[in-house]
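Everything below concerns the one structure shown next.
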Amino acid sequence: MKIAIGADHAGYELKEKIKQRLAQEGNDVHDKGTNSTESVDYPDFARLVGEEVARKEADLGVLVCGSGIGMSIAANKVPGVRAAHVTNMYEAQMAREHNNANVVTVGSRVLDEWTAIQAVETFLHTPFAGGRHERRVQKIMELEHQEHQEQAHHA
């Protein structure tokens, strides 16, 4: 599986541990940065990972910041991204199974390393259930399309 991964300074150390674990499992991990604990702006990395996923150059994306919330908000601004901030394995499973999320975000200051890695792995290994959920995900994508049409109209 091709996985794009990124973090800000707060998430750097946890990102490195997640990246190592995913690579050990044989995944092709594309590290979009950051590469240190020096202060950076999380939307830059959310965009890099989100765009790679939206262009289908990566199957799924993983983002780490202090809370996981900022990365989720920023990644969801990238057309084609359905980012889910998760704090446990159940949320990670539901994000994939019911919402067909393609990016997962976790918080390094919220989760311990084991829980974060388990949540990410659950997310990556859970397939989309389809069925009745397909209609709902399509409605989410229609909202995104509608928003972009309205922005173009007002420009």
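Chains: A, B, ... in order of the structure tokens. Residues: from 1 per chain. Ligands: from 1, in order shown.
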
| field | Residues of chain A in helix (DSSP H, G or I), written as an MDAnalysis selection string | value | chainID A and resid 12:24 42:54 69:75 89:97 113:125 132:154

Could you write out that same residue set with C-alpha atoms as a PDB file, in the first residue's frame?
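Output (result_14.pdb):
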```pdb
ATOM      1  CA  TYR A  12       7.253  14.807  14.215  1.00  0.00           C
ATOM      2  CA  GLU A  13       8.441  12.179  16.713  1.00  0.00           C
ATOM      3  CA  LEU A  14       5.212  10.159  16.567  1.00  0.00           C
ATOM      4  CA  LYS A  15       5.192  10.413  12.765  1.00  0.00           C
ATOM      5  CA  GLU A  16       8.665   8.875  12.683  1.00  0.00           C
ATOM      6  CA  LYS A  17       7.509   5.949  14.829  1.00  0.00           C
ATOM      7  CA  ILE A  18       4.374   5.398  12.732  1.00  0.00           C
ATOM      8  CA  LYS A  19       6.410   5.661   9.529  1.00  0.00           C
ATOM      9  CA  GLN A  20       8.897   3.071  10.774  1.00  0.00           C
ATOM     10  CA  ARG A  21       6.108   0.662  11.727  1.00  0.00           C
ATOM     11  CA  LEU A  22       4.331   1.049   8.373  1.00  0.00           C
ATOM     12  CA  ALA A  23       7.562   0.561   6.420  1.00  0.00           C
ATOM     13  CA  GLN A  24       8.363  -2.586   8.442  1.00  0.00           C
ATOM     14  CA  TYR A  42       0.625  22.286   9.990  1.00  0.00           C
ATOM     15  CA  PRO A  43      -1.591  23.348   7.023  1.00  0.00           C
ATOM     16  CA  ASP A  44       1.443  23.088   4.721  1.00  0.00           C
ATOM     17  CA  PHE A  45       1.862  19.386   5.506  1.00  0.00           C
ATOM     18  CA  ALA A  46      -1.868  18.656   5.497  1.00  0.00           C
ATOM     19  CA  ARG A  47      -1.964  20.075   1.984  1.00  0.00           C
ATOM     20  CA  LEU A  48       1.015  18.028   0.760  1.00  0.00           C
ATOM     21  CA  VAL A  49      -0.426  14.756   2.060  1.00  0.00           C
ATOM     22  CA  GLY A  50      -3.979  15.632   1.015  1.00  0.00           C
ATOM     23  CA  GLU A  51      -2.982  16.521  -2.534  1.00  0.00           C
ATOM     24  CA  GLU A  52      -0.988  13.305  -2.932  1.00  0.00           C
ATOM     25  CA  VAL A  53      -4.019  11.275  -1.805  1.00  0.00           C
ATOM     26  CA  ALA A  54      -6.452  13.309  -3.945  1.00  0.00           C
ATOM     27  CA  ILE A  69      -7.671  18.500  14.932  1.00  0.00           C
ATOM     28  CA  GLY A  70      -5.823  21.184  12.976  1.00  0.00           C
ATOM     29  CA  MET A  71      -4.487  18.659  10.482  1.00  0.00           C
ATOM     30  CA  SER A  72      -8.002  17.280   9.995  1.00  0.00           C
ATOM     31  CA  ILE A  73      -9.498  20.703   9.344  1.00  0.00           C
ATOM     32  CA  ALA A  74      -6.727  21.662   6.925  1.00  0.00           C
ATOM     33  CA  ALA A  75      -6.698  18.342   5.054  1.00  0.00           C
ATOM     34  CA  MET A  89      -9.491   2.024  16.999  1.00  0.00           C
ATOM     35  CA  TYR A  90     -13.298   2.120  16.809  1.00  0.00           C
ATOM     36  CA  GLU A  91     -13.285   5.641  15.320  1.00  0.00           C
ATOM     37  CA  ALA A  92     -10.550   4.570  12.893  1.00  0.00           C
ATOM     38  CA  GLN A  93     -12.594   1.563  11.788  1.00  0.00           C
ATOM     39  CA  MET A  94     -15.791   3.575  11.344  1.00  0.00           C
ATOM     40  CA  ALA A  95     -13.976   6.331   9.448  1.00  0.00           C
ATOM     41  CA  ARG A  96     -12.973   3.814   6.780  1.00  0.00           C
ATOM     42  CA  GLU A  97     -15.897   1.394   6.933  1.00  0.00           C
ATOM     43  CA  GLU A 113       2.274   5.822  20.936  1.00  0.00           C
ATOM     44  CA  TRP A 114       0.649   2.371  21.103  1.00  0.00           C
ATOM     45  CA  THR A 115      -2.909   3.724  20.729  1.00  0.00           C
ATOM     46  CA  ALA A 116      -1.904   6.033  17.880  1.00  0.00           C
ATOM     47  CA  ILE A 117      -0.187   3.233  15.964  1.00  0.00           C
ATOM     48  CA  GLN A 118      -3.088   0.830  16.546  1.00  0.00           C
ATOM     49  CA  ALA A 119      -5.598   3.454  15.378  1.00  0.00           C
ATOM     50  CA  VAL A 120      -3.571   4.177  12.232  1.00  0.00           C
ATOM     51  CA  GLU A 121      -3.158   0.482  11.452  1.00  0.00           C
ATOM     52  CA  THR A 122      -6.877  -0.136  12.010  1.00  0.00           C
ATOM     53  CA  PHE A 123      -7.654   2.732   9.632  1.00  0.00           C
ATOM     54  CA  LEU A 124      -5.276   1.439   6.959  1.00  0.00           C
ATOM     55  CA  HIS A 125      -6.512  -2.158   7.134  1.00  0.00           C
ATOM     56  CA  ARG A 132     -25.871   2.169   2.056  1.00  0.00           C
ATOM     57  CA  HIS A 133     -22.729   4.094   3.011  1.00  0.00           C
ATOM     58  CA  GLU A 134     -21.859   4.718  -0.651  1.00  0.00           C
ATOM     59  CA  ARG A 135     -24.868   7.017  -1.046  1.00  0.00           C
ATOM     60  CA  ARG A 136     -23.865   8.996   2.024  1.00  0.00           C
ATOM     61  CA  VAL A 137     -20.263   9.405   0.956  1.00  0.00           C
ATOM     62  CA  GLN A 138     -21.496  10.539  -2.464  1.00  0.00           C
ATOM     63  CA  LYS A 139     -23.576  13.228  -0.747  1.00  0.00           C
ATOM     64  CA  ILE A 140     -20.449  14.420   1.083  1.00  0.00           C
ATOM     65  CA  MET A 141     -18.620  14.701  -2.232  1.00  0.00           C
ATOM     66  CA  GLU A 142     -21.602  16.570  -3.736  1.00  0.00           C
ATOM     67  CA  LEU A 143     -21.355  19.117  -0.903  1.00  0.00           C
ATOM     68  CA  GLU A 144     -17.717  19.669  -1.814  1.00  0.00           C
ATOM     69  CA  HIS A 145     -18.549  20.050  -5.503  1.00  0.00           C
ATOM     70  CA  GLN A 146     -21.391  22.461  -4.700  1.00  0.00           C
ATOM     71  CA  GLU A 147     -19.086  24.572  -2.502  1.00  0.00           C
ATOM     72  CA  HIS A 148     -16.526  24.913  -5.298  1.00  0.00           C
ATOM     73  CA  GLN A 149     -19.214  25.877  -7.821  1.00  0.00           C
ATOM     74  CA  GLU A 150     -20.516  28.575  -5.481  1.00  0.00           C
ATOM     75  CA  GLN A 151     -17.016  29.927  -4.905  1.00  0.00           C
ATOM     76  CA  ALA A 152     -16.428  30.110  -8.671  1.00  0.00           C
ATOM     77  CA  HIS A 153     -19.767  31.857  -9.141  1.00  0.00           C
ATOM     78  CA  HIS A 154     -18.935  34.543  -6.573  1.00  0.00           C
TER      79      HIS A 154
END
```

| Spatial neighbours of A:Ser67, 12 Å, only C-alpha atoms, chain gap at least 3 places, as a PyMOL selection string | chain A and resi 7-11+42+63-64+70-73+85-87+105-112+116

With C-alpha atoms kept, could you save the residues just selected as a short mmCIF file (atom, residue, chain, number, x, y, z; two decimals), in the first residue's frame?
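Saved file result.cif follows:
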```cif
data_model
loop_
_atom_site.label_atom_id
_atom_site.label_comp_id
_atom_site.auth_asym_id
_atom_site.auth_seq_id
_atom_site.Cartn_x
_atom_site.Cartn_y
_atom_site.Cartn_z
CA ALA A 7 3.37 16.00 10.56
CA ASP A 8 4.09 19.33 12.10
CA HIS A 9 6.73 19.88 14.78
CA ALA A 10 4.46 18.56 17.55
CA GLY A 11 3.77 15.38 15.61
CA TYR A 42 0.63 22.29 9.99
CA LEU A 63 -1.22 13.17 9.48
CA VAL A 64 0.05 13.93 12.97
CA GLY A 70 -5.82 21.18 12.98
CA MET A 71 -4.49 18.66 10.48
CA SER A 72 -8.00 17.28 10.00
CA ILE A 73 -9.50 20.70 9.34
CA HIS A 85 -9.50 12.77 13.28
CA VAL A 86 -9.49 9.62 15.40
CA THR A 87 -8.65 8.90 19.02
CA THR A 105 -5.23 12.33 11.67
CA VAL A 106 -3.99 11.65 15.19
CA GLY A 107 -2.75 13.83 18.01
CA SER A 108 0.66 13.24 19.54
CA ARG A 109 -0.32 15.14 22.69
CA VAL A 110 -3.60 13.24 23.01
CA LEU A 111 -2.70 9.62 22.32
CA ASP A 112 0.06 7.40 23.59
CA ALA A 116 -1.90 6.03 17.88
#
```

| request: May I have all residues of stretch 5-111 of chain A that DSSP, computed from the backbone, assigns to strand (DSSP E), given as a ChimeraX atom specification? | output: /A:5-7,28-31,60-65,83-85,103-107

| message | My list of candidates is A:Gly26, A:Ser36, A:Lys2, A:Ala129. Which is closest to A:Gly61 when distances are computed with only C-alpha atoms? | response |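 Result for the nearest residue to A:Gly61: A:Lys2.
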
| task | Please provide the set of residues having any atom within 6 Å of A:Val103, restricted to only C-alpha atoms, with same-chain residues fewer than 3 positions apart removed, written as a ChimeraX atom specification. | result | /A:60-62,83

| said: As an exercise, work out the distance from atom CA of A:Ala101 to atom CA of A:Asn88 in Å and give it to one decimal place. | reply: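 Distance reported for this atom pair: 15.0 Å.
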
| message | Between A:His98, A:Arg82, A:His30, A:Lys77, which residue has the minimum interatomic distance to A:Ala58, considering only C-alpha atoms? | response | A:His30

| request: Figure out the distance between atom CA of A:Val29 and atom CA of A:Met1, please, to one decimal in Å. | output: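 Straight-line distance from atom CA of A:Met1 to atom CA of A:Val29 works out to 8.2 Å.
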